[in-house]
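Novice: Can you keep this structure in mind? I'll have questions shortly.
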Amino acid sequence: MAQSKQNLIQGTLAMLILRSLARGPLHGYEITQRIQQSSEDVLKVEEGSLYPALYRLEEQGWVEAEWGASENNRRAKYYKLTRAGRKQLAVETSNWERLSEAIAKVLQTA
Amino acid sequence: MTTIKSILRRLGAPVRGGAAAPEIEDELRFHIEMRSHDNIAAGMSPEDAVADAMRRFGNFDRIRADCEGVKKERLGGIMKVIKGCAWAILGCGLMLKMSSNVVALVGDFLILIALLWRLLIHLREMQPDQRRVIADLRERFYGGPLSVSGFTEDAPKPVPAYDKDGRTPVERLISDESSDSGDGSISASR
């Protein structure tokens, strides 16, 4: 049970990262803020855990990274969605919608 | 173009001498610094701001190790091929060296290439902590600023314990102060 919960969280985090990058390149800190702000502070990611997830997404070819200058002129690593990442986001969003609908139905009928 | 760049970056990673590890650390540090800046802007004291940033971030060493683990998984396959190539070249070199005098020179060249290649692979596989240990040792023995595989540290130059007159730094300071202000008063800026 604990394992499935962890998998769900990991999968969800990947989807949230991909969604955050859908509007354009962001560095890790901006991704954390975007997730937090979009969820109106309901979702709070353990900030460090974002990075292994980002590296996995990069490994899978769904995001790619490039070093650039941040808004305060510091060297920062910016991530952006690849074409494969955009497709994956569509698939994961659709899966998530089906899953949440199914859970909602169960909760309503039970 | 981006895809080509990405492929080249991936292929080049094993021979860049483990450049990934300092980059990971830079990236994680950047995150903590950004959070600290935002905390200070929100009214926290610098100490609280950094402490909060670290707490929110989680276990720095574990996260860095996780990131490195993902990178190593990615490079594992490529490294196997590269190691295989190095051994194959070494084997070819030895065979050519033994066959005749004409191609022995080519054999020597291949052996040299293979050994250098193998050394490069070994250096790349050294852990960042090992490189830090080497950097520390170099600092201890040579002093001055260091730059070892991406780690650049502006180490302060060691102050010699005794000057040419045999005085310690404290004795020198007292002596300089008394010679600066002949009346023995202490200036306001001190």
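Scheme for the structure tokens: letters A, B, ... for chains in order shown; per-chain residue numbers from 1; ligand numbers from 1 in order shown.
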Chain A near chain B within 12 Å: what's each residue's closest atom pair and its distance in Å to one decimal, counting only C-alpha atoms, ordered by chain then ascending residue number, as JSON lines?

Specialist:
```
{"residue": "A:His27", "atom": "CA", "partner": "B:His31", "partner_atom": "CA", "distance": 8.7}
{"residue": "A:Gly28", "atom": "CA", "partner": "B:His31", "partner_atom": "CA", "distance": 6.9}
{"residue": "A:Tyr29", "atom": "CA", "partner": "B:His31", "partner_atom": "CA", "distance": 5.4}
{"residue": "A:Glu30", "atom": "CA", "partner": "B:His31", "partner_atom": "CA", "distance": 9.0}
{"residue": "A:Ile31", "atom": "CA", "partner": "B:His31", "partner_atom": "CA", "distance": 10.6}
{"residue": "A:Thr32", "atom": "CA", "partner": "B:His31", "partner_atom": "CA", "distance": 9.7}
{"residue": "A:Gln33", "atom": "CA", "partner": "B:Arg35", "partner_atom": "CA", "distance": 9.9}
{"residue": "A:Lys44", "atom": "CA", "partner": "B:Arg56", "partner_atom": "CA", "distance": 9.5}
{"residue": "A:Val45", "atom": "CA", "partner": "B:Arg56", "partner_atom": "CA", "distance": 8.7}
{"residue": "A:Glu46", "atom": "CA", "partner": "B:Phe57", "partner_atom": "CA", "distance": 6.1}
{"residue": "A:Glu47", "atom": "CA", "partner": "B:Phe57", "partner_atom": "CA", "distance": 4.6}
{"residue": "A:Gly48", "atom": "CA", "partner": "B:Phe57", "partner_atom": "CA", "distance": 4.6}
{"residue": "A:Ser49", "atom": "CA", "partner": "B:Ile63", "partner_atom": "CA", "distance": 6.7}
{"residue": "A:Leu50", "atom": "CA", "partner": "B:Ile63", "partner_atom": "CA", "distance": 9.1}
{"residue": "A:Tyr51", "atom": "CA", "partner": "B:Cys67", "partner_atom": "CA", "distance": 6.7}
{"residue": "A:Pro52", "atom": "CA", "partner": "B:Cys67", "partner_atom": "CA", "distance": 4.8}
{"residue": "A:Ala53", "atom": "CA", "partner": "B:Cys67", "partner_atom": "CA", "distance": 8.4}
{"residue": "A:Leu54", "atom": "CA", "partner": "B:Cys67", "partner_atom": "CA", "distance": 8.8}
{"residue": "A:Tyr55", "atom": "CA", "partner": "B:Cys67", "partner_atom": "CA", "distance": 6.4}
{"residue": "A:Arg56", "atom": "CA", "partner": "B:Val70", "partner_atom": "CA", "distance": 6.4}
{"residue": "A:Leu57", "atom": "CA", "partner": "B:Val70", "partner_atom": "CA", "distance": 10.0}
{"residue": "A:Glu58", "atom": "CA", "partner": "B:Lys71", "partner_atom": "CA", "distance": 9.6}
{"residue": "A:Glu59", "atom": "CA", "partner": "B:Arg74", "partner_atom": "CA", "distance": 6.6}
{"residue": "A:Gln60", "atom": "CA", "partner": "B:Arg74", "partner_atom": "CA", "distance": 9.4}
{"residue": "A:Gly61", "atom": "CA", "partner": "B:Ser6", "partner_atom": "CA", "distance": 9.4}
{"residue": "A:Trp62", "atom": "CA", "partner": "B:Thr3", "partner_atom": "CA", "distance": 11.7}
{"residue": "A:Val63", "atom": "CA", "partner": "B:Ser6", "partner_atom": "CA", "distance": 10.6}
{"residue": "A:Glu64", "atom": "CA", "partner": "B:Ser6", "partner_atom": "CA", "distance": 7.6}
{"residue": "A:Ala65", "atom": "CA", "partner": "B:Ser6", "partner_atom": "CA", "distance": 8.8}
{"residue": "A:Glu66", "atom": "CA", "partner": "B:Ser6", "partner_atom": "CA", "distance": 9.6}
{"residue": "A:Trp67", "atom": "CA", "partner": "B:Glu27", "partner_atom": "CA", "distance": 9.6}
{"residue": "A:Gly68", "atom": "CA", "partner": "B:Glu27", "partner_atom": "CA", "distance": 11.4}
{"residue": "A:Ala69", "atom": "CA", "partner": "B:Phe30", "partner_atom": "CA", "distance": 11.5}
{"residue": "A:Ser70", "atom": "CA", "partner": "B:Phe30", "partner_atom": "CA", "distance": 10.0}
{"residue": "A:Glu71", "atom": "CA", "partner": "B:Met34", "partner_atom": "CA", "distance": 10.6}
{"residue": "A:Asn72", "atom": "CA", "partner": "B:Met34", "partner_atom": "CA", "distance": 9.4}
{"residue": "A:Asn73", "atom": "CA", "partner": "B:Phe30", "partner_atom": "CA", "distance": 11.6}
{"residue": "A:Arg74", "atom": "CA", "partner": "B:Phe30", "partner_atom": "CA", "distance": 8.2}
{"residue": "A:Arg75", "atom": "CA", "partner": "B:Phe30", "partner_atom": "CA", "distance": 8.1}
{"residue": "A:Ala76", "atom": "CA", "partner": "B:Glu27", "partner_atom": "CA", "distance": 6.6}
{"residue": "A:Lys77", "atom": "CA", "partner": "B:Glu27", "partner_atom": "CA", "distance": 6.6}
{"residue": "A:Tyr78", "atom": "CA", "partner": "B:Glu27", "partner_atom": "CA", "distance": 9.9}
{"residue": "A:Tyr79", "atom": "CA", "partner": "B:Glu27", "partner_atom": "CA", "distance": 11.7}
{"residue": "A:Lys80", "atom": "CA", "partner": "B:Thr2", "partner_atom": "CA", "distance": 11.2}
{"residue": "A:Leu81", "atom": "CA", "partner": "B:Thr2", "partner_atom": "CA", "distance": 11.7}
{"residue": "A:Thr82", "atom": "CA", "partner": "B:Thr3", "partner_atom": "CA", "distance": 9.1}
{"residue": "A:Arg83", "atom": "CA", "partner": "B:Thr3", "partner_atom": "CA", "distance": 10.3}
{"residue": "A:Ala84", "atom": "CA", "partner": "B:Thr3", "partner_atom": "CA", "distance": 11.3}
```

Novice: Convert the current residue selection to file output with C-alpha atoms, as a compact mmCIF listing (two decimals), in the first residue's frame.

Specialist:
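Output (again-v7.txt):
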```txt
# COMPACT_ATOMS: atom_id res chain seq x y z
CA HIS A 27 14.47 26.53 -13.76
CA GLY A 28 13.88 24.16 -10.86
CA TYR A 29 13.00 26.83 -8.32
CA GLU A 30 10.46 28.40 -10.68
CA ILE A 31 8.89 24.97 -11.27
CA THR A 32 8.39 24.55 -7.50
CA GLN A 33 6.82 27.98 -7.27
CA LYS A 44 3.79 21.57 -1.39
CA VAL A 45 6.57 19.58 -2.97
CA GLU A 46 9.60 18.72 -0.88
CA GLU A 47 11.69 21.03 -2.97
CA GLY A 48 14.75 18.84 -3.34
CA SER A 49 12.75 15.85 -4.55
CA LEU A 50 11.95 17.81 -7.68
CA TYR A 51 15.49 17.40 -9.01
CA PRO A 52 15.81 13.60 -9.22
CA ALA A 53 12.39 13.68 -10.92
CA LEU A 54 13.64 16.29 -13.38
CA TYR A 55 16.72 14.20 -14.14
CA ARG A 56 14.53 11.16 -14.78
CA LEU A 57 12.36 13.17 -17.15
CA GLU A 58 15.49 14.34 -18.94
CA GLU A 59 16.70 10.75 -19.14
CA GLN A 60 13.39 9.73 -20.69
CA GLY A 61 13.74 12.51 -23.24
CA TRP A 62 10.63 14.36 -22.08
CA VAL A 63 12.47 17.47 -21.01
CA GLU A 64 15.80 18.94 -22.00
CA ALA A 65 17.99 21.25 -20.03
CA GLU A 66 20.22 24.16 -20.90
CA TRP A 67 22.27 26.47 -18.70
CA GLY A 68 21.35 30.14 -18.95
CA ALA A 69 21.23 33.35 -16.93
CA SER A 70 18.48 33.74 -14.35
CA GLU A 71 16.52 36.93 -13.64
CA ASN A 72 19.11 37.93 -11.05
CA ASN A 73 21.91 37.19 -13.52
CA ARG A 74 22.99 33.95 -11.88
CA ARG A 75 23.83 30.82 -13.83
CA ALA A 76 20.75 28.58 -13.78
CA LYS A 77 19.68 25.38 -15.49
CA TYR A 78 16.51 25.85 -17.51
CA TYR A 79 14.27 22.94 -18.44
CA LYS A 80 11.92 22.83 -21.39
CA LEU A 81 9.46 20.33 -22.77
CA THR A 82 10.49 18.29 -25.78
CA ARG A 83 8.01 17.16 -28.41
CA ALA A 84 7.94 13.72 -26.77
```

Novice: Taking the DSSP assignment computed from this structure's backbone, write out as a PyMOL selection string all residues of region 25-107 of chain A that belong to alpha helix (DSSP H).

Specialist: chain A and resi 28-38+50-59+83-107

Novice: Tell me, in Å to one decimal, how far CA of Leu115 (chain B) is from CA of Gly93 (chain B).

Specialist: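 Computed distance, CA of Leu115 (chain B) to CA of Gly93 (chain B), equals 10.6 Å.
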
Novice: What is the distance between CA of Trp117 (chain B) and CA of Gly91 (chain B), in Å to one decimal?

Specialist: 13.5 Å
